[in-house]
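Have a look at final-v8.pdb; it's PDB, C-alpha atoms:
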```pdb
ATOM      1  CA  MET Y   1     132.618  60.874  82.523
ATOM      2  CA  SER Y   2     133.900  59.703  85.845
ATOM      3  CA  LYS Y   3     133.072  62.736  87.950
ATOM      4  CA  LYS Y   4     129.370  62.272  87.207
ATOM      5  CA  LYS Y   5     129.583  58.781  88.673
ATOM      6  CA  MET Y   6     131.405  59.986  91.771
ATOM      7  CA  GLU Y   7     129.286  62.889  92.905
ATOM      8  CA  TYR Y   8     130.523  62.475  96.465
ATOM      9  CA  ILE Y   9     133.968  63.635  95.372
ATOM     10  CA  GLU Y  10     133.211  67.290  95.812
ATOM     11  CA  ASN Y  11     136.695  68.575  96.354
ATOM     12  CA  GLU Y  12     138.369  69.177  93.011
ATOM     13  CA  LYS Y  13     141.863  69.192  94.521
ATOM     14  CA  ILE Y  14     141.340  65.755  96.076
ATOM     15  CA  TYR Y  15     139.998  64.485  92.753
ATOM     16  CA  ASP Y  16     143.165  65.629  91.014
ATOM     17  CA  LYS Y  17     145.284  63.898  93.679
ATOM     18  CA  ILE Y  18     143.343  60.661  93.264
ATOM     19  CA  VAL Y  19     143.732  60.783  89.506
ATOM     20  CA  ARG Y  20     147.472  61.284  89.900
ATOM     21  CA  ALA Y  21     147.625  58.285  92.274
ATOM     22  CA  GLU Y  22     145.712  56.152  89.789
ATOM     23  CA  LEU Y  23     148.031  57.298  87.055
ATOM     24  CA  LEU Y  24     150.926  55.832  89.041
ATOM     25  CA  PHE Y  25     148.974  52.619  89.631
ATOM     26  CA  MET Y  26     148.028  52.225  85.949
ATOM     27  CA  PRO Y  27     151.251  50.544  84.720
ATOM     28  CA  LEU Y  28     150.871  47.797  87.359
ATOM     29  CA  LEU Y  29     147.214  47.359  86.429
ATOM     30  CA  ILE Y  30     148.114  46.817  82.794
ATOM     31  CA  ILE Y  31     151.541  45.168  82.859
ATOM     32  CA  ALA Y  32     151.151  42.645  85.734
ATOM     33  CA  PRO Y  33     148.476  40.475  84.035
ATOM     34  CA  ILE Y  34     150.479  40.530  80.804
ATOM     35  CA  ILE Y  35     153.586  39.317  82.680
ATOM     36  CA  VAL Y  36     151.603  36.500  84.335
ATOM     37  CA  SER Y  37     150.119  35.390  81.021
ATOM     38  CA  VAL Y  38     153.584  35.452  79.406
ATOM     39  CA  PHE Y  39     154.899  33.331  82.319
ATOM     40  CA  LEU Y  40     152.117  30.799  81.750
ATOM     41  CA  ILE Y  41     152.763  30.633  78.009
ATOM     42  CA  TYR Y  42     156.534  30.408  78.559
ATOM     43  CA  ASP Y  43     156.036  27.590  81.103
ATOM     44  CA  TRP Y  44     153.869  25.721  78.596
ATOM     45  CA  TYR Y  45     156.534  26.224  75.909
ATOM     46  CA  THR Y  46     159.519  25.052  78.005
ATOM     47  CA  ARG Y  47     157.944  22.254  80.048
ATOM     48  CA  GLY Y  48     155.113  21.267  77.716
ATOM     49  CA  PHE Y  49     155.745  22.010  74.043
ATOM     50  CA  LEU Y  50     159.505  21.310  73.920
ATOM     51  CA  VAL Y  51     159.210  17.957  75.704
ATOM     52  CA  ASN Y  52     155.861  17.121  74.122
ATOM     53  CA  ASP Y  53     153.974  16.965  77.430
ATOM     54  CA  PRO Y  54     150.246  17.741  76.931
ATOM     55  CA  ALA Y  55     149.709  18.223  80.700
ATOM     56  CA  PHE Y  56     150.835  21.840  80.275
ATOM     57  CA  ASN Y  57     148.415  22.732  77.459
ATOM     58  CA  ILE Y  58     146.021  24.166  80.004
ATOM     59  CA  GLU Y  59     148.659  26.744  80.973
ATOM     60  CA  LEU Y  60     148.767  27.923  77.355
ATOM     61  CA  ILE Y  61     144.976  28.276  77.286
ATOM     62  CA  LEU Y  62     144.932  30.101  80.630
ATOM     63  CA  GLY Y  63     147.725  32.407  79.492
ATOM     64  CA  VAL Y  64     145.810  33.291  76.326
ATOM     65  CA  ILE Y  65     142.544  33.805  78.262
ATOM     66  CA  ILE Y  66     144.228  36.166  80.746
ATOM     67  CA  LEU Y  67     146.068  38.032  77.976
ATOM     68  CA  VAL Y  68     143.033  38.489  75.723
ATOM     69  CA  GLY Y  69     140.707  39.234  78.657
ATOM     70  CA  ASN Y  70     142.985  41.974  79.900
ATOM     71  CA  ILE Y  71     143.554  43.506  76.479
ATOM     72  CA  ILE Y  72     139.779  43.667  75.946
ATOM     73  CA  PHE Y  73     139.357  45.825  79.066
ATOM     74  CA  ASP Y  74     142.677  47.655  79.058
ATOM     75  CA  VAL Y  75     142.267  49.204  75.601
ATOM     76  CA  PRO Y  76     139.062  51.134  76.431
ATOM     77  CA  PHE Y  77     140.569  51.983  79.831
ATOM     78  CA  ILE Y  78     143.626  53.549  78.200
ATOM     79  CA  LYS Y  79     141.416  55.293  75.651
ATOM     80  CA  SER Y  80     139.365  56.749  78.492
ATOM     81  CA  LEU Y  81     142.489  58.394  79.803
ATOM     82  CA  LYS Y  82     142.319  61.392  77.579
ATOM     83  CA  ALA Y  83     143.645  64.875  77.598
ATOM     84  CA  VAL Y  84     140.639  67.041  78.362
ATOM     85  CA  SER Y  85     142.104  70.159  76.941
ATOM     86  CA  LYS Y  86     144.924  70.837  74.537
ATOM     87  CA  LYS Y  87     144.620  74.562  74.872
ATOM     88  CA  ASP Y  88     147.068  74.700  77.779
TER
ATOM     89  CA  MET E   1     167.336  75.143  86.444
ATOM     90  CA  VAL E   2     164.404  77.449  85.804
ATOM     91  CA  ASN E   3     163.712  75.488  82.674
ATOM     92  CA  VAL E   4     163.489  72.214  84.648
ATOM     93  CA  VAL E   5     161.129  73.751  87.232
ATOM     94  CA  GLU E   6     158.935  75.075  84.456
ATOM     95  CA  LYS E   7     158.916  71.682  82.790
ATOM     96  CA  ILE E   8     157.880  69.988  86.060
ATOM     97  CA  LYS E   9     155.112  72.561  86.524
ATOM     98  CA  ASP E  10     154.003  72.014  82.948
ATOM     99  CA  THR E  11     153.954  68.215  83.449
ATOM    100  CA  HIS E  12     151.901  68.617  86.642
ATOM    101  CA  LYS E  13     149.501  70.805  84.723
ATOM    102  CA  LYS E  14     149.161  68.220  81.968
ATOM    103  CA  ILE E  15     148.637  65.398  84.484
ATOM    104  CA  ASN E  16     145.904  67.420  86.157
ATOM    105  CA  LEU E  17     144.195  67.752  82.804
ATOM    106  CA  LEU E  18     144.019  63.983  82.408
ATOM    107  CA  ASP E  19     140.755  62.339  83.237
ATOM    108  CA  PHE E  20     139.994  58.747  84.201
ATOM    109  CA  ASP E  21     136.803  56.977  83.415
ATOM    110  CA  ALA E  22     135.846  55.218  86.653
ATOM    111  CA  HIS E  23     133.713  52.756  84.713
ATOM    112  CA  TRP E  24     136.604  51.397  82.626
ATOM    113  CA  TYR E  25     138.912  51.669  85.605
ATOM    114  CA  ARG E  26     136.687  49.223  87.496
ATOM    115  CA  ARG E  27     136.626  46.868  84.490
ATOM    116  CA  ALA E  28     140.429  46.950  84.145
ATOM    117  CA  PHE E  29     140.777  46.413  87.904
ATOM    118  CA  HIS E  30     138.596  43.299  87.660
ATOM    119  CA  ALA E  31     140.679  41.889  84.809
ATOM    120  CA  PHE E  32     143.838  42.661  86.789
ATOM    121  CA  GLY E  33     142.633  40.198  89.458
ATOM    122  CA  ALA E  34     143.646  37.286  87.191
ATOM    123  CA  THR E  35     147.228  38.227  88.086
ATOM    124  CA  PHE E  36     146.769  36.477  91.433
ATOM    125  CA  LEU E  37     146.872  33.111  89.640
ATOM    126  CA  VAL E  38     150.642  33.575  89.769
ATOM    127  CA  TYR E  39     150.213  32.206  93.328
ATOM    128  CA  TYR E  40     150.103  28.676  91.885
ATOM    129  CA  MET E  41     153.174  29.179  89.707
ATOM    130  CA  LEU E  42     155.500  30.181  92.496
ATOM    131  CA  PRO E  43     158.161  27.532  93.173
ATOM    132  CA  ASP E  44     158.279  25.438  96.330
ATOM    133  CA  LEU E  45     161.015  27.295  98.238
ATOM    134  CA  ASP E  46     160.994  28.131 101.913
ATOM    135  CA  TRP E  47     161.160  31.905 101.570
ATOM    136  CA  ILE E  48     158.561  31.931  98.792
ATOM    137  CA  ASN E  49     156.241  29.708 100.834
ATOM    138  CA  LEU E  50     156.654  32.149 103.700
ATOM    139  CA  LEU E  51     155.706  35.054 101.413
ATOM    140  CA  LYS E  52     152.780  33.045 100.010
ATOM    141  CA  PHE E  53     151.550  32.423 103.534
ATOM    142  CA  TRP E  54     151.836  35.975 104.864
ATOM    143  CA  VAL E  55     151.529  38.469 102.005
ATOM    144  CA  PRO E  56     147.928  37.727 100.844
ATOM    145  CA  PRO E  57     146.337  37.948 104.346
ATOM    146  CA  ILE E  58     148.375  41.080 105.144
ATOM    147  CA  VAL E  59     147.194  42.789 101.942
ATOM    148  CA  VAL E  60     143.573  41.846 102.669
ATOM    149  CA  ALA E  61     143.935  42.965 106.324
ATOM    150  CA  LEU E  62     145.255  46.350 105.142
ATOM    151  CA  ALA E  63     142.284  46.702 102.766
ATOM    152  CA  ILE E  64     139.885  45.859 105.623
ATOM    153  CA  ILE E  65     141.569  48.382 107.959
ATOM    154  CA  LEU E  66     141.429  51.069 105.250
ATOM    155  CA  GLU E  67     137.777  50.330 104.597
ATOM    156  CA  THR E  68     136.955  50.350 108.323
ATOM    157  CA  LEU E  69     138.614  53.764 108.672
ATOM    158  CA  ARG E  70     136.635  55.024 105.666
ATOM    159  CA  LEU E  71     133.316  53.778 107.056
ATOM    160  CA  MET E  72     134.148  55.282 110.467
ATOM    161  CA  GLY E  73     134.743  58.595 108.740
ATOM    162  CA  LYS E  74     138.446  58.770 109.612
ATOM    163  CA  ILE E  75     139.326  58.785 105.915
ATOM    164  CA  GLY E  76     137.024  60.536 103.479
ATOM    165  CA  SER E  77     135.375  58.554 100.673
ATOM    166  CA  ASP E  78     136.840  61.304  98.503
ATOM    167  CA  HIS E  79     140.145  59.457  98.611
ATOM    168  CA  PHE E  80     138.806  56.277  97.011
ATOM    169  CA  PHE E  81     138.725  56.386  93.239
ATOM    170  CA  GLY E  82     136.168  54.229  91.452
ATOM    171  CA  LEU E  83     133.769  53.653  94.354
ATOM    172  CA  ARG E  84     130.131  53.503  93.408
ATOM    173  CA  MET E  85     127.613  55.800  95.085
ATOM    174  CA  TYR E  86     125.942  52.946  96.976
ATOM    175  CA  GLU E  87     129.335  51.916  98.354
ATOM    176  CA  LYS E  88     129.741  55.201 100.181
ATOM    177  CA  ASN E  89     128.075  53.837 103.331
ATOM    178  CA  ARG E  90     128.878  50.180 102.759
ATOM    179  CA  VAL E  91     131.987  48.008 102.533
ATOM    180  CA  GLY E  92     133.576  48.603  99.115
ATOM    181  CA  SER E  93     133.406  45.837  96.535
ATOM    182  CA  TYR E  94     137.202  45.662  96.285
ATOM    183  CA  VAL E  95     137.311  44.265  99.843
ATOM    184  CA  PHE E  96     134.783  41.554  98.985
ATOM    185  CA  PHE E  97     136.759  40.790  95.819
ATOM    186  CA  ALA E  98     140.033  40.464  97.774
ATOM    187  CA  VAL E  99     138.534  38.417 100.631
ATOM    188  CA  ALA E 100     136.952  35.933  98.198
ATOM    189  CA  ILE E 101     140.216  35.527  96.271
ATOM    190  CA  LEU E 102     142.107  35.002  99.546
ATOM    191  CA  ILE E 103     139.632  32.324 100.713
ATOM    192  CA  LEU E 104     139.845  30.564  97.336
ATOM    193  CA  LEU E 105     143.643  30.614  97.184
ATOM    194  CA  ARG E 106     144.047  29.485 100.785
ATOM    195  CA  PHE E 107     141.254  26.990 101.396
ATOM    196  CA  PHE E 108     140.104  25.584  98.054
ATOM    197  CA  PRO E 109     141.871  23.236  95.631
ATOM    198  CA  GLN E 110     143.164  25.080  92.577
ATOM    199  CA  GLN E 111     140.810  23.097  90.292
ATOM    200  CA  ILE E 112     137.954  24.952  92.010
ATOM    201  CA  ALA E 113     139.684  28.251  92.735
ATOM    202  CA  ILE E 114     141.025  29.013  89.234
ATOM    203  CA  PRO E 115     137.733  28.938  87.282
ATOM    204  CA  CYS E 116     135.966  30.826  90.096
ATOM    205  CA  ILE E 117     138.635  33.557  90.068
ATOM    206  CA  LEU E 118     138.415  33.762  86.264
ATOM    207  CA  CYS E 119     134.642  34.172  86.536
ATOM    208  CA  ALA E 120     135.085  37.135  88.907
ATOM    209  CA  CYS E 121     137.936  38.704  86.934
ATOM    210  CA  LEU E 122     136.701  38.292  83.364
ATOM    211  CA  ALA E 123     133.115  36.969  83.270
ATOM    212  CA  ASP E 124     131.859  39.581  85.761
ATOM    213  CA  PRO E 125     133.009  42.635  83.709
ATOM    214  CA  ILE E 126     131.798  40.946  80.501
ATOM    215  CA  MET E 127     128.349  40.449  82.071
ATOM    216  CA  GLY E 128     128.418  44.049  83.289
ATOM    217  CA  GLU E 129     129.143  45.324  79.792
ATOM    218  CA  ILE E 130     126.405  43.133  78.294
ATOM    219  CA  ARG E 131     123.955  44.508  80.857
ATOM    220  CA  ASN E 132     124.947  48.080  79.999
ATOM    221  CA  ARG E 133     124.857  47.705  76.234
ATOM    222  CA  PHE E 134     122.216  45.091  75.429
ATOM    223  CA  GLY E 135     120.011  44.880  78.524
ATOM    224  CA  LYS E 136     119.504  42.440  81.360
ATOM    225  CA  LYS E 137     117.894  39.632  79.332
ATOM    226  CA  TYR E 138     121.173  38.857  77.543
ATOM    227  CA  VAL E 139     123.201  38.647  80.765
ATOM    228  CA  TYR E 140     122.062  35.141  81.733
ATOM    229  CA  PRO E 141     122.686  33.302  78.427
ATOM    230  CA  ILE E 142     125.960  35.016  77.492
ATOM    231  CA  GLY E 143     127.247  35.080  81.077
ATOM    232  CA  SER E 144     126.468  31.365  81.434
ATOM    233  CA  LEU E 145     128.342  30.590  78.221
ATOM    234  CA  VAL E 146     131.428  32.554  79.287
ATOM    235  CA  CYS E 147     131.476  30.932  82.746
ATOM    236  CA  LEU E 148     130.839  27.517  81.184
ATOM    237  CA  LEU E 149     133.850  28.078  78.931
ATOM    238  CA  PHE E 150     136.098  28.781  81.934
ATOM    239  CA  PHE E 151     134.963  25.626  83.748
ATOM    240  CA  VAL E 152     135.229  23.431  80.628
ATOM    241  CA  VAL E 153     138.724  24.728  79.874
ATOM    242  CA  THR E 154     140.005  24.221  83.428
ATOM    243  CA  TRP E 155     138.410  20.797  83.902
ATOM    244  CA  TYR E 156     139.116  19.353  80.460
ATOM    245  CA  LYS E 157     141.575  16.816  81.915
ATOM    246  CA  ALA E 158     138.818  15.252  84.043
ATOM    247  CA  ASP E 159     136.347  12.558  82.993
ATOM    248  CA  ILE E 160     133.925  14.086  80.471
ATOM    249  CA  ARG E 161     130.856  13.377  82.656
ATOM    250  CA  LEU E 162     132.544  15.044  85.604
ATOM    251  CA  MET E 163     133.628  17.975  83.414
ATOM    252  CA  LEU E 164     130.031  18.506  82.248
ATOM    253  CA  LEU E 165     128.649  18.234  85.802
ATOM    254  CA  VAL E 166     131.221  20.658  87.203
ATOM    255  CA  SER E 167     130.829  23.107  84.304
ATOM    256  CA  ILE E 168     127.046  23.266  84.521
ATOM    257  CA  VAL E 169     126.971  23.533  88.324
ATOM    258  CA  GLY E 170     129.881  26.013  88.432
ATOM    259  CA  ALA E 171     128.572  28.245  85.652
ATOM    260  CA  SER E 172     125.054  28.276  87.135
ATOM    261  CA  GLY E 173     126.480  29.171  90.550
ATOM    262  CA  ALA E 174     128.601  31.966  89.107
ATOM    263  CA  VAL E 175     125.705  33.501  87.159
ATOM    264  CA  ILE E 176     123.371  33.265  90.169
ATOM    265  CA  GLY E 177     126.087  34.788  92.372
ATOM    266  CA  GLU E 178     126.561  37.662  89.935
ATOM    267  CA  THR E 179     122.940  38.449  89.167
ATOM    268  CA  LYS E 180     121.361  38.177  92.623
ATOM    269  CA  LYS E 181     122.094  41.533  94.237
ATOM    270  CA  PHE E 182     122.192  42.126  97.968
ATOM    271  CA  TRP E 183     122.969  45.452  99.620
ATOM    272  CA  TRP E 184     125.068  43.900 102.398
ATOM    273  CA  ILE E 185     127.215  41.553 100.332
ATOM    274  CA  ASP E 186     128.758  42.289  96.966
ATOM    275  CA  ASP E 187     128.403  40.237  93.805
ATOM    276  CA  ASP E 188     132.216  40.196  93.512
ATOM    277  CA  PHE E 189     132.167  37.888  96.550
ATOM    278  CA  MET E 190     129.146  35.870  95.503
ATOM    279  CA  ILE E 191     130.325  35.155  91.951
ATOM    280  CA  GLN E 192     133.376  33.433  93.435
ATOM    281  CA  MET E 193     132.017  31.783  96.547
ATOM    282  CA  VAL E 194     128.673  30.393  95.285
ATOM    283  CA  PRO E 195     130.248  28.181  92.562
ATOM    284  CA  ALA E 196     133.217  27.390  94.832
ATOM    285  CA  VAL E 197     131.015  26.043  97.642
ATOM    286  CA  LEU E 198     128.886  24.053  95.181
ATOM    287  CA  LEU E 199     131.999  22.565  93.573
ATOM    288  CA  LEU E 200     133.531  21.816  96.964
ATOM    289  CA  ILE E 201     130.516  19.622  97.738
ATOM    290  CA  ILE E 202     131.067  17.769  94.450
ATOM    291  CA  TRP E 203     134.812  17.610  95.172
ATOM    292  CA  VAL E 204     134.241  15.960  98.555
ATOM    293  CA  CYS E 205     131.849  13.461  96.970
ATOM    294  CA  LEU E 206     134.137  12.618  94.012
ATOM    295  CA  PRO E 207     135.300   9.198  95.315
ATOM    296  CA  ASP E 208     131.702   8.257  96.150
ATOM    297  CA  LEU E 209     130.617   9.273  92.660
ATOM    298  CA  GLY E 210     133.287   6.982  91.203
ATOM    299  CA  PHE E 211     135.574   9.704  89.843
ATOM    300  CA  SER E 212     139.234  10.310  90.546
ATOM    301  CA  TYR E 213     140.571  13.753  91.426
ATOM    302  CA  PRO E 214     141.742  15.678  88.334
ATOM    303  CA  ASP E 215     145.376  16.729  87.857
ATOM    304  CA  PRO E 216     146.468  20.244  88.851
ATOM    305  CA  ILE E 217     145.773  23.008  86.354
ATOM    306  CA  ILE E 218     148.876  25.104  86.977
ATOM    307  CA  TYR E 219     152.123  23.397  87.965
ATOM    308  CA  GLN E 220     154.554  25.004  90.386
ATOM    309  CA  GLY E 221     157.304  26.799  88.537
ATOM    310  CA  ILE E 222     160.917  25.717  88.460
ATOM    311  CA  TRP E 223     162.743  28.999  88.555
ATOM    312  CA  PRO E 224     166.500  29.370  88.297
ATOM    313  CA  TRP E 225     166.967  30.627  91.841
TER
END
```
Representation of the structure as structure tokens:
Amino acid sequence: MSKKKMEYIENEKIYDKIVRAELLFMPLLIIAPIIVSVFLIYDWYTRGFLVNDPAFNIELILGVIILVGNIIFDVPFIKSLKAVSKKD
Amino acid sequence: MVNVVEKIKDTHKKINLLDFDAHWYRRAFHAFGATFLVYYMLPDLDWINLLKFWVPPIVVALAIILETLRLMGKIGSDHFFGLRMYEKNRVGSYVFFAVAILILLRFFPQQIAIPCILCACLADPIMGEIRNRFGKKYVYPIGSLVCLLFFVVTWYKADIRLMLLVSIVGASGAVIGETKKFWWIDDDFMIQMVPAVLLLIIWVCLPDLGFSYPDPIIYQGIWPW
């Protein structure tokens, strides 16, 4: 787990603060790339697909690459965010 | 009222029981970098151009100031989640990552910048995972294929000979940049800048090689406002 990889974080209170900060940052980390990929796919759909312009196909491919690439890494990241104890 | 206070305390307690895996956090952070491609989608409006000009360097400058304060000991490394042990006394990789993206967005044509940014954001964590799970010998072939895919996809509008040249040179540069480790400079910088510089040389020589410049990859958006 993470603490083993960050031995220099000796102060438990600071560690908890950092985790809380990262918890606030997490939605941006996950949602922003999804929004950008949706923008790319939407742009391809409105300016490429609907008017039959193949110049925008690359935006579709990029949108899919960004979406899939992020999902691949976000899923294990979210899974790693686990409740350590349910006793409390 | 007491009930609300107790609930807040309980929520705090639960949040403190959550644990992050720094390893997957770093991977997700890398993938998040692809978000910066939105830079090319922003419409050509005065106030947006102003933001495009000032916001990226300000963000990078803040990261550099923060990192300088950390290395000077003014801010403890304790406050930086996800840093590796070897980064404790060295500039953090996130600064290299941000500086390279800024240089690419500002000084390179998007046909070069986009595949290089994708290599850093997606190919780099993929290569890292391959190294962790299957060993170093699989990093070169699979990493090359992934990087090659990004260059082929982004240059598919160009002449096929040019696409092949750019893809092979770019992918080789990215894999070399990622796998050659230096203490003083991070691979997050090298994986972007090595292929970018190599492709810039090709880009400058394009007319002499008899090729025309390829069309943009991402077109500026036309937003309602």
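In this comparison, which uses all atoms listed in the file, the residue of E:Ala63, E:Leu122, E:Val55, E:Ile101 approaching chain Y most closely is E:Leu122.
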So which residues touch Val95 (chain E) within 10 Å, counting only C-alpha atoms, skipping near sequence neighbours fewer than 6 positions away, as an mmCIF file with C-alpha atoms, keeping the file's coordinate frame?
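Written output follows (out.cif):
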```
data_model
loop_
_atom_site.group_PDB
_atom_site.id
_atom_site.type_symbol
_atom_site.label_atom_id
_atom_site.label_comp_id
_atom_site.auth_asym_id
_atom_site.auth_seq_id
_atom_site.Cartn_x
_atom_site.Cartn_y
_atom_site.Cartn_z
ATOM 1 C CA VAL E 60 143.573 41.846 102.669
ATOM 2 C CA ALA E 61 143.935 42.965 106.324
ATOM 3 C CA LEU E 62 145.255 46.350 105.142
ATOM 4 C CA ALA E 63 142.284 46.702 102.766
ATOM 5 C CA ILE E 64 139.885 45.859 105.623
ATOM 6 C CA LEU E 66 141.429 51.069 105.250
ATOM 7 C CA GLU E 67 137.777 50.330 104.597
ATOM 8 C CA ILE E 101 140.216 35.527 96.271
ATOM 9 C CA ASP E 186 128.758 42.289 96.966
ATOM 10 C CA ASP E 188 132.216 40.196 93.512
ATOM 11 C CA PHE E 189 132.167 37.888 96.550
#
```
Spell out the residues picked by the PyMOL selection byres ((chain Y and resi 34) around 10) here, as number ranges by chain. Y: 28-33, 35-40, 63-64, 66-68, 70-71; E: 32, 34-35
Which residues, written as an MDAnalysis selection string, have at least one atom at most 12 Å from Ile103 (chain E), with all atoms listed in the file counted and residues fewer than 6 positions away on the same chain left out? chainID E and resid 56:57 60 96:97 109:110 112:113 116:117 189 192:193 196:197
Ground truth for the PyMOL selection byres ((chain Y and resi 77) around 10), written as number ranges by chain: Y: 26, 30, 71-76, 78-82; E: 20-29
Expanded to explicit residues, what is the PyMOL selection byres ((chain Y and resi 41-46) around 10) for this file, as a ChimeraX atom specification? /Y:35-40,47-64,67 /E:41,218-222
Just how far from CA of Ile191 (chain E) is CA of Gly143 (chain E), in Å to one decimal? 11.3 Å
Please identify all polymer residues lying at most 12 Å from the point (137.8, 16.5, 87.2) (file coordinates), using all atoms listed in the file, and present the result as a PyMOL selection string. chain E and resi 109-112+151-167+199-200+202-207+209-217
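Atom pair CA of Thr179 (chain E) / CA of Val38 (chain E): separated by 28.1 Å.
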Which of these residues is nearest to chain Y, using all atoms listed in the file: E:Leu149, E:Gly135, E:Thr68, E:Asp46?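 For chain Y, the nearest of the given residues is E:Leu149.
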Quick check, in Å to one decimal: how far apart do CA of Leu105 (chain E) and CA of Cys147 (chain E) lie? 18.9 Å
